[in-house]
Amino acid sequence: MQAYLNVAQIVLSIALILAIMLQVRGGGLGGIFGQADTVFRTRRGVEKTLFQLTIILVVLFVIVSIITLRVK
């Protein structure tokens, strides 16, 4: 059981890293040159799905981590 939880934790951590890396940053280099980066915009389409997937992955990672601690 411990081995399965460790593998699940590794897979979740890799998926979480990829999901975070794929998210687009709002400001970019515009803030360096004086452009306003306080524009409000909503997440749509793939960006919204990726954001929700990141939240789900974080919750699953925390749950698996807690279960791994309890099983030891």
# chains A, B, ... in the order shown; residues from 1 in each chain; ligands from 1
$ residues_around --residues "Gln52 in chain A" --least-positions-apart "6" --cutoff "12 Å" --atoms "only C-alpha atoms" --output "PyMOL selection string"
chain A and resi 16+19-20+23+43-46+58-59
$ write_last_selection --atoms "C-alpha atoms" --output "mmCIF file, in the first residue's frame"
data_model
loop_
_atom_site.group_PDB
_atom_site.id
_atom_site.type_symbol
_atom_site.label_atom_id
_atom_site.label_comp_id
_atom_site.auth_asym_id
_atom_site.auth_seq_id
_atom_site.Cartn_x
_atom_site.Cartn_y
_atom_site.Cartn_z
ATOM 1 C CA LEU A 16 0.980 19.645 -10.516
ATOM 2 C CA ALA A 19 -0.102 22.436 -14.599
ATOM 3 C CA ILE A 20 1.560 25.351 -12.799
ATOM 4 C CA GLN A 23 -0.388 28.728 -16.690
ATOM 5 C CA ARG A 43 -10.305 33.192 -17.117
ATOM 6 C CA ARG A 44 -11.938 31.549 -20.093
ATOM 7 C CA GLY A 45 -11.688 28.288 -21.962
ATOM 8 C CA VAL A 46 -8.476 26.340 -21.548
ATOM 9 C CA VAL A 58 -3.398 20.421 -5.114
ATOM 10 C CA VAL A 59 -6.314 18.989 -3.134
#
$ residues_around --residues "Lys48 in chain A" --least-positions-apart "6" --cutoff "12 Å" --atoms "only C-alpha atoms" --output "list in words"
Ala19, Leu22, Gln23, Val24, Arg41, Thr42, Thr54 and Ile55 of chain A
$ write_last_selection --atoms "N, CA and C atoms" --output "mmCIF file, in the first residue's frame"
data_model
loop_
_atom_site.group_PDB
_atom_site.id
_atom_site.type_symbol
_atom_site.label_atom_id
_atom_site.label_comp_id
_atom_site.auth_asym_id
_atom_site.auth_seq_id
_atom_site.Cartn_x
_atom_site.Cartn_y
_atom_site.Cartn_z
ATOM 1 N N ALA A 19 1.068 21.559 -14.562
ATOM 2 C CA ALA A 19 -0.102 22.436 -14.599
ATOM 3 C C ALA A 19 0.268 23.860 -14.204
ATOM 4 N N LEU A 22 2.314 25.555 -17.060
ATOM 5 C CA LEU A 22 1.549 25.869 -18.261
ATOM 6 C C LEU A 22 0.672 27.115 -18.113
ATOM 7 N N GLN A 23 0.469 27.564 -16.889
ATOM 8 C CA GLN A 23 -0.388 28.728 -16.690
ATOM 9 C C GLN A 23 0.316 29.992 -17.166
ATOM 10 N N VAL A 24 -0.459 30.866 -17.781
ATOM 11 C CA VAL A 24 0.073 32.105 -18.342
ATOM 12 C C VAL A 24 0.126 33.164 -17.252
ATOM 13 N N ARG A 41 -9.216 40.741 -15.931
ATOM 14 C CA ARG A 41 -9.759 39.895 -16.971
ATOM 15 C C ARG A 41 -10.147 38.555 -16.363
ATOM 16 N N THR A 42 -11.134 37.930 -16.953
ATOM 17 C CA THR A 42 -11.602 36.658 -16.428
ATOM 18 C C THR A 42 -10.931 35.511 -17.162
ATOM 19 N N THR A 54 -5.547 22.626 -11.654
ATOM 20 C CA THR A 54 -4.484 22.880 -10.682
ATOM 21 C C THR A 54 -5.020 22.798 -9.256
ATOM 22 N N ILE A 55 -6.187 23.364 -9.031
ATOM 23 C CA ILE A 55 -6.799 23.302 -7.697
ATOM 24 C C ILE A 55 -7.109 21.864 -7.317
#
$ residues_around --residues "Gln2 in chain A" --least-positions-apart "4" --cutoff "12 Å" --atoms "only C-alpha atoms" --output "VMD selection string"
chain A and resid 6 to 9 64 to 65 67 to 72
$ atom_distance --atom1 "CA of Thr49 in chain A" --atom2 "CA of Tyr4 in chain A"
27.6 Å
$ atom_distance --atom1 "CA of Ala3 in chain A" --atom2 "CA of Met21 in chain A"
27.2 Å
$ atom_distance --atom1 "CA of Val11 in chain A" --atom2 "CA of Glu47 in chain A"
21.9 Å
